[in-house]
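Enquirer: Just protein27.cif, nothing more (mmCIF, C-alpha atoms):
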data_model
#
loop_
_atom_site.label_atom_id
_atom_site.label_comp_id
_atom_site.auth_asym_id
_atom_site.auth_seq_id
_atom_site.Cartn_x
_atom_site.Cartn_y
_atom_site.Cartn_z
CA MET O 1 11.26 -19.04 -11.83
CA LEU O 2 7.66 -17.83 -11.98
CA ILE O 3 6.60 -15.45 -9.20
CA VAL O 4 2.85 -14.92 -8.88
CA ALA O 5 1.88 -12.10 -6.53
CA CYS O 6 -1.68 -12.24 -5.21
CA ILE O 7 -2.37 -8.65 -4.18
CA SER O 8 -5.31 -7.30 -2.22
CA ALA O 9 -7.34 -4.69 -4.06
CA HIS O 10 -8.67 -3.28 -0.77
CA GLY O 11 -6.57 -0.21 -1.45
CA TYR O 12 -3.58 0.93 -3.44
CA GLY O 13 -1.22 0.54 -0.48
CA HIS O 14 -0.86 -3.23 -0.91
CA GLY O 15 -0.07 -2.75 -4.59
CA SER O 16 2.49 -0.02 -3.90
CA ARG O 17 4.24 -2.16 -1.30
CA THR O 18 4.35 -5.26 -3.49
CA ALA O 19 5.53 -3.23 -6.48
CA SER O 20 8.45 -1.80 -4.49
CA VAL O 21 9.50 -5.32 -3.46
CA LEU O 22 9.06 -6.86 -6.91
CA ALA O 23 11.08 -4.03 -8.47
CA ALA O 24 13.90 -4.86 -6.05
CA LEU O 25 13.52 -8.56 -6.88
CA ALA O 26 13.71 -7.79 -10.61
CA ARG O 27 17.04 -6.03 -10.04
CA ARG O 28 18.36 -9.18 -8.36
CA ARG O 29 16.75 -11.66 -10.77
CA PRO O 30 15.89 -9.95 -14.07
CA ASP O 31 15.24 -13.33 -15.70
CA TRP O 32 12.43 -14.24 -13.32
CA ARG O 33 8.89 -13.84 -14.62
CA LEU O 34 6.48 -11.70 -12.58
CA VAL O 35 2.71 -12.22 -12.64
CA LEU O 36 0.56 -9.73 -10.70
CA SER O 37 -2.74 -11.39 -9.86
CA THR O 38 -5.08 -8.70 -8.54
CA ALA O 39 -8.21 -6.66 -9.14
CA LEU O 40 -6.17 -3.45 -8.96
CA PRO O 41 -6.46 -1.52 -12.24
CA ARG O 42 -3.80 -2.03 -14.88
CA SER O 43 -3.19 1.72 -15.06
CA PHE O 44 -2.18 1.77 -11.39
CA LEU O 45 0.05 -1.29 -11.77
CA ASP O 46 1.83 0.21 -14.79
CA LEU O 47 2.53 3.35 -12.80
CA ALA O 48 3.67 1.46 -9.71
CA MET O 49 5.92 -1.00 -11.57
CA GLY O 50 7.47 1.55 -13.94
CA ALA O 51 9.92 -0.13 -16.31
CA VAL O 52 9.74 -3.53 -14.58
CA PRO O 53 8.09 -6.05 -16.95
CA PHE O 54 5.12 -8.00 -15.59
CA GLU O 55 1.92 -9.73 -16.60
CA HIS O 56 -1.46 -8.82 -15.11
CA ARG O 57 -4.13 -11.39 -14.29
CA PHE O 58 -7.33 -9.65 -13.22
CA CYS O 59 -8.41 -11.66 -10.16
CA GLN O 60 -10.17 -10.61 -6.98
CA TRP O 61 -8.65 -12.63 -4.17
CA ASP O 62 -10.13 -10.86 -1.17
CA VAL O 63 -12.58 -8.19 -0.06
CA GLY O 64 -10.75 -6.46 2.76
CA VAL O 65 -13.15 -3.90 4.17
CA VAL O 66 -15.63 -2.13 1.90
CA GLN O 67 -15.11 1.59 2.40
CA ALA O 68 -17.89 4.15 2.63
CA ASP O 69 -15.26 6.74 1.67
CA ALA O 70 -11.54 7.25 2.23
CA LEU O 71 -12.07 7.64 5.99
CA GLY O 72 -15.01 5.35 6.76
CA SER O 73 -15.99 1.66 6.49
CA ASP O 74 -19.23 -0.19 5.63
CA PRO O 75 -19.46 -3.42 7.71
CA ASP O 76 -22.75 -4.63 6.19
CA ALA O 77 -21.48 -4.25 2.64
CA THR O 78 -18.27 -6.01 3.68
CA LEU O 79 -20.16 -9.07 4.97
CA LYS O 80 -22.16 -9.30 1.75
CA ALA O 81 -19.03 -8.96 -0.37
CA LEU O 82 -17.30 -11.70 1.64
CA ALA O 83 -20.22 -14.08 1.08
CA ASP O 84 -20.32 -13.28 -2.65
CA LEU O 85 -16.59 -13.83 -3.05
CA GLU O 86 -16.81 -17.17 -1.24
CA CYS O 87 -19.10 -18.40 -4.04
CA SER O 88 -16.80 -17.32 -6.87
CA LEU O 89 -13.41 -18.25 -5.38
CA PRO O 90 -13.39 -22.03 -6.12
CA SER O 91 -13.77 -21.61 -9.89
CA GLN O 92 -11.26 -18.74 -9.91
CA LEU O 93 -8.72 -20.80 -7.99
CA GLU O 94 -9.01 -23.70 -10.41
CA ALA O 95 -8.80 -21.49 -13.48
CA GLU O 96 -5.78 -19.54 -12.26
CA ALA O 97 -3.93 -22.63 -11.07
CA GLN O 98 -4.45 -24.24 -14.47
CA TRP O 99 -3.31 -21.12 -16.32
CA LEU O 100 -0.18 -20.79 -14.19
CA LEU O 101 0.75 -24.44 -14.65
CA GLU O 102 0.44 -23.99 -18.41
CA GLN O 103 2.80 -20.99 -18.26
CA ARG O 104 5.76 -22.94 -16.96
CA CYS O 105 8.60 -23.07 -19.46
CA PRO O 106 10.18 -25.55 -19.16
CA PRO O 107 7.22 -27.59 -17.86
CA ALA O 108 9.00 -28.19 -14.57
CA GLU O 109 9.71 -24.48 -13.96
CA PRO O 110 9.19 -23.75 -10.25
CA ILE O 111 6.53 -21.32 -9.04
CA LEU O 112 6.41 -19.22 -5.86
CA VAL O 113 3.25 -17.54 -4.58
CA LEU O 114 3.61 -14.17 -2.83
CA GLY O 115 0.56 -13.00 -0.86
CA ASP O 116 -0.13 -9.39 0.17
CA VAL O 117 -2.35 -10.44 1.94
CA PRO O 118 -5.38 -12.30 0.52
CA PRO O 119 -6.01 -15.49 2.52
CA ALA O 120 -7.06 -17.22 -0.72
CA ALA O 121 -3.43 -17.11 -1.87
CA ALA O 122 -3.00 -20.16 0.39
CA GLY O 123 -5.49 -22.10 -1.71
CA LEU O 124 -3.69 -21.15 -4.91
CA ALA O 125 -0.31 -22.22 -3.51
CA GLN O 126 -1.80 -25.53 -2.39
CA ARG O 127 -3.23 -26.25 -5.85
CA LEU O 128 0.10 -25.38 -7.46
CA GLY O 129 2.19 -27.30 -4.94
CA ALA O 130 4.19 -24.07 -4.61
CA PRO O 131 5.86 -22.39 -1.64
CA LEU O 132 3.89 -19.50 -0.14
CA VAL O 133 5.45 -16.29 1.19
CA TRP O 134 3.40 -13.62 2.94
CA LEU O 135 4.31 -9.92 2.72
CA ALA O 136 2.36 -8.29 5.52
CA SER O 137 1.94 -5.62 8.15
CA PHE O 138 -1.36 -7.20 9.20
CA GLY O 139 -3.68 -10.06 8.31
CA TRP O 140 -7.41 -9.79 7.81
CA GLU O 141 -8.02 -11.73 11.02
CA ALA O 142 -6.69 -8.70 12.93
CA ILE O 143 -9.08 -6.40 11.06
CA TYR O 144 -12.19 -8.59 11.19
CA GLY O 145 -11.76 -9.58 14.83
CA PRO O 146 -12.75 -6.18 16.30
CA MET O 147 -15.64 -5.77 13.84
CA GLY O 148 -18.06 -8.00 15.77
CA GLN O 149 -19.29 -11.58 16.05
CA ALA O 150 -20.57 -11.69 12.48
CA PHE O 151 -16.95 -11.41 11.29
CA ALA O 152 -15.56 -14.12 13.60
CA PRO O 153 -15.80 -16.98 11.04
CA TRP O 154 -14.05 -14.86 8.43
CA ALA O 155 -11.30 -13.95 10.90
CA GLN O 156 -10.71 -17.62 11.74
CA GLN O 157 -10.72 -18.63 8.09
CA ALA O 158 -8.11 -15.99 7.33
CA LEU O 159 -5.91 -17.05 10.26
CA ASP O 160 -6.01 -20.69 9.18
CA ALA O 161 -4.89 -19.70 5.70
CA TYR O 162 -2.02 -17.53 6.94
CA ARG O 163 -0.68 -20.37 9.09
CA SER O 164 -0.16 -22.49 5.98
CA GLY O 165 2.58 -20.25 4.61
CA GLN O 166 6.27 -21.10 4.60
CA LEU O 167 7.51 -17.58 5.42
CA LEU O 168 6.21 -14.27 6.70
CA ILE O 169 8.04 -11.12 5.63
CA ARG O 170 7.01 -8.89 8.52
CA CYS O 171 6.84 -5.27 7.45
CA PRO O 172 7.25 -2.33 9.84
CA LEU O 173 4.26 -0.31 11.13
CA ALA O 174 2.69 -3.70 11.82
CA MET O 175 -0.25 -4.92 13.84
CA PRO O 176 0.34 -8.00 16.02
CA ILE O 177 0.89 -11.05 13.80
CA ALA O 178 0.94 -14.52 15.38
CA TRP O 179 0.80 -16.99 12.52
CA GLY O 180 3.30 -19.51 13.88
CA ILE O 181 5.45 -19.65 10.73
CA PRO O 182 9.08 -18.64 10.11
CA GLU O 183 9.48 -14.92 9.61
CA VAL O 184 11.94 -12.18 8.74
CA SER O 185 11.49 -8.52 9.67
CA VAL O 186 12.35 -5.76 7.21
CA GLY O 187 12.66 -1.98 7.20
CA LEU O 188 10.48 0.58 5.42
CA THR O 189 9.30 -0.75 2.06
CA ALA O 190 9.20 2.16 -0.36
CA SER O 191 10.11 2.80 -3.95
CA THR O 192 12.23 5.82 -4.83
CA PRO O 193 11.15 9.00 -6.66
CA ARG O 194 11.75 8.73 -10.40
CA LEU O 195 12.66 12.38 -11.03
CA GLN O 196 15.91 14.01 -10.01
CA GLY O 197 17.97 17.11 -10.68
CA ALA O 198 16.98 19.12 -13.75
CA ALA O 199 13.88 17.01 -14.45
CA LEU O 200 12.58 17.68 -10.95
CA ARG O 201 13.28 21.40 -11.21
CA GLN O 202 11.56 21.51 -14.60
CA LEU O 203 8.47 19.89 -13.09
CA ARG O 204 8.51 22.37 -10.21
CA ASP O 205 8.56 25.27 -12.66
CA GLN O 206 5.86 23.68 -14.83
CA LEU O 207 3.52 23.35 -11.85
CA GLN O 208 4.50 26.77 -10.47
CA LEU O 209 5.48 25.31 -7.14
CA PRO O 210 7.46 27.40 -4.67
CA ALA O 211 11.18 26.80 -4.55
CA ASP O 212 10.86 26.75 -0.76
CA ARG O 213 9.96 23.15 0.02
CA GLU O 214 8.35 24.24 3.30
CA ARG O 215 5.55 25.98 1.40
CA CYS O 216 4.60 22.96 -0.72
CA VAL O 217 2.12 20.45 0.75
CA LEU O 218 1.06 17.13 -0.74
CA ILE O 219 -2.55 15.96 -0.20
CA SER O 220 -3.29 12.30 -0.93
CA PHE O 221 -5.96 10.00 0.48
CA GLY O 222 -5.21 6.83 -1.45
CA GLY O 223 -7.19 5.06 -4.14
CA MET O 224 -10.66 6.25 -3.10
CA GLY O 225 -9.53 9.79 -2.46
CA LEU O 226 -11.68 12.58 -1.05
CA ASP O 227 -13.61 15.23 -2.92
CA LEU O 228 -11.46 18.30 -2.38
CA ALA O 229 -13.52 20.69 -4.50
CA ALA O 230 -14.81 22.43 -1.37
CA ALA O 231 -11.67 21.92 0.71
CA PRO O 232 -10.61 25.10 2.55
CA LEU O 233 -7.30 25.57 0.75
CA PRO O 234 -7.80 29.39 0.70
CA ARG O 235 -7.28 29.37 4.48
CA TRP O 236 -3.59 28.74 3.70
CA PRO O 237 -2.68 31.27 0.99
CA GLU O 238 1.07 30.97 1.63
CA GLN O 239 1.03 27.25 0.86
CA VAL O 240 0.68 25.54 -2.50
CA PHE O 241 -1.10 22.17 -2.39
CA ILE O 242 -0.68 19.35 -4.86
CA GLY O 243 -2.46 16.01 -5.12
CA PRO O 244 -4.06 13.47 -7.47
CA ASP O 245 -7.61 14.84 -7.07
CA ALA O 246 -8.64 16.78 -10.21
CA ALA O 247 -10.70 19.10 -7.99
CA MET O 248 -7.46 20.64 -6.76
CA ALA O 249 -7.42 22.69 -9.96
CA ALA O 250 -10.44 24.64 -8.67
CA HIS O 251 -8.23 26.41 -6.13
CA ALA O 252 -5.76 29.19 -6.91
CA ASN O 253 -3.19 27.52 -4.66
CA GLY O 254 -4.06 23.97 -5.76
CA ARG O 255 -2.21 21.86 -8.31
CA VAL O 256 -3.11 18.50 -9.85
CA LEU O 257 -0.54 15.73 -9.91
CA PRO O 258 0.39 15.24 -13.59
CA GLU O 259 -0.61 11.99 -15.25
CA GLY O 260 2.12 9.38 -15.12
CA LEU O 261 3.53 10.55 -11.80
CA ARG O 262 3.01 9.11 -8.32
CA PRO O 263 2.64 11.20 -5.17
CA LEU O 264 6.04 9.76 -4.22
CA ASP O 265 7.62 11.42 -7.25
CA LEU O 266 6.62 14.87 -5.94
CA MET O 267 7.78 14.28 -2.37
CA PRO O 268 11.28 15.76 -2.91
CA LEU O 269 9.52 19.09 -3.62
CA CYS O 270 7.25 18.98 -0.55
CA SER O 271 7.71 19.27 3.19
CA ARG O 272 4.43 17.84 4.49
CA LEU O 273 1.77 15.30 3.53
CA ILE O 274 -1.89 15.49 4.54
CA THR O 275 -3.31 11.98 4.46
CA LYS O 276 -5.26 9.22 6.19
CA PRO O 277 -3.57 6.30 8.02
CA GLY O 278 -2.02 4.20 5.28
CA TYR O 279 0.99 1.86 5.32
CA SER O 280 2.56 2.72 1.97
CA SER O 281 1.91 6.47 2.30
CA PHE O 282 3.67 6.39 5.66
CA CYS O 283 6.64 4.41 4.32
CA GLU O 284 7.09 6.75 1.38
CA ALA O 285 6.74 9.95 3.42
CA MET O 286 9.06 8.71 6.17
CA SER O 287 11.67 7.60 3.65
CA GLN O 288 11.61 11.08 2.03
CA GLY O 289 11.64 13.03 5.30
CA LEU O 290 8.13 14.50 5.03
CA GLY O 291 6.05 15.40 8.03
CA ILE O 292 2.67 13.69 8.09
CA HIS O 293 -0.52 15.56 9.02
CA LEU O 294 -2.73 12.61 9.86
CA VAL O 295 -6.51 12.79 9.49
CA ALA O 296 -8.25 10.36 11.85
CA ARG O 297 -9.95 7.28 10.37
CA GLU O 298 -12.70 5.23 12.04
CA GLY O 299 -13.78 1.60 11.73
CA PHE O 300 -10.47 0.08 10.67
CA ALA O 301 -8.27 -1.44 13.38
CA GLU O 302 -4.99 -0.75 11.58
CA ALA O 303 -5.55 3.00 11.84
CA ALA O 304 -4.83 3.17 15.58
CA VAL O 305 -1.63 1.13 15.14
CA LEU O 306 -0.42 3.35 12.33
CA GLN O 307 -1.13 6.49 14.37
CA ARG O 308 0.81 5.06 17.32
CA ASP O 309 3.77 4.19 15.12
CA LEU O 310 3.66 7.59 13.46
CA GLU O 311 3.89 9.24 16.86
CA ASN O 312 6.75 6.91 17.73
CA HIS O 313 8.74 7.12 14.48
CA GLY O 314 7.70 10.03 12.26
CA LEU O 315 7.45 13.80 12.13
CA HIS O 316 3.76 14.53 12.52
CA ARG O 317 0.66 16.51 13.46
CA LEU O 318 -2.69 14.87 14.30
CA LEU O 319 -5.98 16.18 12.86
CA SER O 320 -9.53 15.17 13.68
CA ARG O 321 -11.87 14.68 10.77
CA GLU O 322 -13.74 17.80 11.88
CA ALA O 323 -10.55 19.84 11.99
CA PHE O 324 -9.67 18.71 8.48
CA ALA O 325 -13.11 19.73 7.20
CA ARG O 326 -12.74 23.18 8.83
CA GLY O 327 -9.27 23.71 7.41
CA ASP O 328 -7.56 23.64 10.82
CA TRP O 329 -4.59 21.84 9.33
CA GLN O 330 -1.86 23.13 11.71
CA LEU O 331 0.48 23.98 8.85
CA ASP O 332 1.72 26.98 10.81
CA GLN O 333 2.77 24.71 13.68
CA PRO O 334 6.13 22.94 13.98
CA LEU O 335 6.11 19.24 13.31
CA LEU O 336 6.16 17.06 16.41
CA ALA O 337 9.25 14.91 16.75
CA PRO O 338 8.90 11.12 17.01
CA ARG O 339 9.05 9.71 20.51
CA LEU O 340 11.39 6.83 19.60
CA GLY O 341 13.22 7.97 16.48
CA PRO O 342 13.04 6.98 12.79
CA LEU O 343 12.61 3.48 11.41
CA PRO O 344 15.33 1.91 9.25
CA GLY O 345 14.89 1.79 5.49
CA GLY O 346 15.94 -0.80 2.95
CA GLY O 347 12.89 -2.99 3.43
CA SER O 348 12.16 -3.57 -0.24
CA ASP O 349 15.66 -4.94 -0.89
CA GLN O 350 15.52 -7.02 2.29
CA ALA O 351 12.15 -8.48 1.31
CA ALA O 352 13.39 -9.24 -2.20
CA ALA O 353 16.37 -11.11 -0.76
CA ALA O 354 14.05 -13.16 1.46
CA ILE O 355 11.83 -14.07 -1.51
CA GLU O 356 14.87 -15.05 -3.56
CA ALA O 357 16.12 -17.28 -0.76
CA ALA O 358 12.69 -18.92 -0.35
CA ALA O 359 12.39 -19.49 -4.09
CA CYS O 360 15.83 -21.05 -4.31
CA GLY O 361 15.25 -23.21 -1.26
CA VAL O 362 18.05 -21.58 0.72
#
As structure tokens, how would this structure be written, given the file I've shared?
Expert:
Amino acid sequence: MLIVACISAHGYGHGSRTASVLAALARRRPDWRLVLSTALPRSFLDLAMGAVPFEHRFCQWDVGVVQADALGSDPDATLKALADLECSLPSQLEAEAQWLLEQRCPPAEPILVLGDVPPAAAGLAQRLGAPLVWLASFGWEAIYGPMGQAFAPWAQQALDAYRSGQLLIRCPLAMPIAWGIPEVSVGLTASTPRLQGAALRQLRDQLQLPADRERCVLISFGGMGLDLAAAPLPRWPEQVFIGPDAAMAAHANGRVLPEGLRPLDLMPLCSRLITKPGYSSFCEAMSQGLGIHLVAREGFAEAAVLQRDLENHGLHRLLSREAFARGDWQLDQPLLAPRLGPLPGGGSDQAAAAIEAAACGV
């Protein structure tokens, strides 16, 4: 069986989610071949997939929303990027379909297309004559719809594509999804930290992190990140902050995430995460019991849904963008309890089982 995963490069969250599911699928079906078709960088995919073997096809399947920075969007640039991609997609679809058909061994080997969540994955599945499974907490129609009339044709085009799938794996923390296809709901989709026991303690000592988890705070704003060189970390001298931004090293109480490790791998040493609204960051933090200090994000409809679900299901504090810039991070305040209680886990294994069943025609 050949599984080709078309993954949005809008942000690293789609890649992290798909990687957690494909890793679970590889445990169930180690003989199945995994192709990751995405414009996400190979270095990120290697880190996300770990020891799971895969092939990378560098393809841009969607635009998502062009971001001005980690917390803001650029609608005009998004419209231009959508129009540009529309011109290049037909030749890419034909080339990738031909390549995938040539990869089948034996020649009749079945193929399944997994989409997270580029609408163009529907066109690839159609050209391959392959079943199409969506892995989603939203579709681009739900994002483009509130962005104004200029986005209406793109929203409708996305919705039409989503309705051609055979199955929706509905992830938690989801926006409304009404695609009219069979679906299965799953729990939190998150990988697990790769360090345990002595290896984790050795890393803590290497980074000079406090043994008290309550004093260690993770800062991560996804693939685009934020420039933290001038961040007011000195306002919190009792805390030690760690994150992927190299500028963290400029602060006496800042630490840089070592190369080859994910923020998730440090979560067992931390008590809180400062971040923007992001699906995979939320899943990982919730699964590891971290409180989330959420910095508000504008211009992206998913952000309000994620904030609502955080208040309903996760330990949290809410920060305005201005408060974050000032350093008013509320780290001396108790975490607020969720209104409705935690979400169930196990989503990656559940999603893998659903993909296996779809691939086998069960």
Enquirer: Check what the PyMOL selection byres ((chain O and resi 103-116) around 8) selects in the file above and give those residues as a PyMOL selection string.
Expert: chain O and resi 1-8+14+18+99-102+117-119+121+124-125+128+130-136+359
Enquirer: Counting only C-alpha atoms, which residue out of O:Pro258, O:Pro30, O:Pro232, O:Gly148 sits closest to Ala325 (chain O)?
Expert: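 That would be O:Pro232, the residue with the smallest distance to Ala325 (chain O).
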Enquirer: Neighbourhood query: residues within 6 Å of (6.2, 8.4, 8.9), file coordinates, counting all atoms listed in the file; return as a VMD selection string.
Expert: chain O and resid 282 285 to 286 310 314
Enquirer: Write the residues you've just listed into a file as a PDB file, in the frame of the given file, and include C-alpha atoms for each of them.
Expert:
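Writing done, so here's part_8.pdb:
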ATOM      1  CA  PHE O 282       3.670   6.390   5.660  1.00  0.00           C
ATOM      2  CA  ALA O 285       6.740   9.950   3.420  1.00  0.00           C
ATOM      3  CA  MET O 286       9.060   8.710   6.170  1.00  0.00           C
ATOM      4  CA  LEU O 310       3.660   7.590  13.460  1.00  0.00           C
ATOM      5  CA  GLY O 314       7.700  10.030  12.260  1.00  0.00           C
TER       6      GLY O 314
END
Enquirer: Taking the file as shown, what set of residues would the PyMOL selection byres ((chain O and resi 44-53) around 10) give back, as a ChimeraX atom specification?
Expert: /O:12,15-27,30,32-36,38,40-43,54-56,191,194,223,259-262
Enquirer: Have a look at O:Gly165, O:Gly222, O:Pro268, O:Pro146 and name the one nearest to Gly129 (chain O); count all atoms listed in the file.
Expert: O:Gly165
Enquirer: If the PyMOL selection byres ((chain O and resi 321) around 9) were run on this exact file, what residues would it hold? Put them as an MDAnalysis selection string.
Expert: chainID O and resid 71 295:297 319:320 322:326
Enquirer: CA of Leu82 (chain O) and CA of Asp62 (chain O) are how many Å apart?
Expert: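 About the pair CA of Leu82 (chain O) and CA of Asp62 (chain O): they are 7.7 Å apart.
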Enquirer: Using CA of Gln67 (chain O) and CA of Trp140 (chain O) as the two end points, give the distance in Å to one decimal.
Expert: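 Between CA of Gln67 (chain O) and CA of Trp140 (chain O) the gap is 14.8 Å.
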Enquirer: By how many Å are CA of Gly254 (chain O) and CA of Gln333 (chain O) apart?
Expert: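 About the pair CA of Gly254 (chain O) and CA of Gln333 (chain O): they are 20.6 Å apart.
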Enquirer: Nearest residue to Ala158 (chain O) out of O:Phe138, O:Ser281, O:Ala337, O:Pro244, using only C-alpha atoms?
Expert: O:Phe138
Enquirer: Which residue gives the smallest distance to Met175 (chain O) among O:Ala122, O:Ala303, O:Ala9, O:Leu340, with all atoms listed in the file counted?
Expert: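 Answer, going by the shortest atom-to-atom distance: O:Ala303.
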Enquirer: Would you list the residues near (0.0, 34.2, 3.7), meaning any protein, DNA or RNA residue with an atom at most 12 Å from that point in file coordinates, counting only C-alpha atoms, as a PDB file with C-alpha atoms, in the frame of the given file?
Expert:
ATOM      1  CA  ARG O 215       5.550  25.980   1.400  1.00  0.00           C
ATOM      2  CA  LEU O 233      -7.300  25.570   0.750  1.00  0.00           C
ATOM      3  CA  PRO O 234      -7.800  29.390   0.700  1.00  0.00           C
ATOM      4  CA  ARG O 235      -7.280  29.370   4.480  1.00  0.00           C
ATOM      5  CA  TRP O 236      -3.590  28.740   3.700  1.00  0.00           C
ATOM      6  CA  PRO O 237      -2.680  31.270   0.990  1.00  0.00           C
ATOM      7  CA  GLU O 238       1.070  30.970   1.630  1.00  0.00           C
ATOM      8  CA  GLN O 239       1.030  27.250   0.860  1.00  0.00           C
ATOM      9  CA  VAL O 240       0.680  25.540  -2.500  1.00  0.00           C
ATOM     10  CA  ASN O 253      -3.190  27.520  -4.660  1.00  0.00           C
ATOM     11  CA  LEU O 331       0.480  23.980   8.850  1.00  0.00           C
ATOM     12  CA  ASP O 332       1.720  26.980  10.810  1.00  0.00           C
TER      13      ASP O 332
END
Enquirer: Which of these residues is nearest to Leu218 (chain O), using all atoms listed in the file: O:Leu167, O:Leu306, O:Met248, O:Ala97?
Expert: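 The shortest atom-to-atom distance to Leu218 (chain O) comes from O:Met248.
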Enquirer: Any chance you could work out the axis-aligned box around region 133-137 of chain O, listed atoms only, 5 Å on each side, giving centre and edge lengths in Å to one decimal, as AutoDock Vina command-line options?
Expert:
--center_x 3.7 --center_y -11.0 --center_z 4.7 --size_x 13.5 --size_y 20.7 --size_z 17.0
Enquirer: Choose the residue, out of O:Ala155, O:Leu257, O:Ile274, O:Ala198, that has the smallest atom-to-atom separation from Leu318 (chain O); count only C-alpha atoms.
Expert: O:Ile274
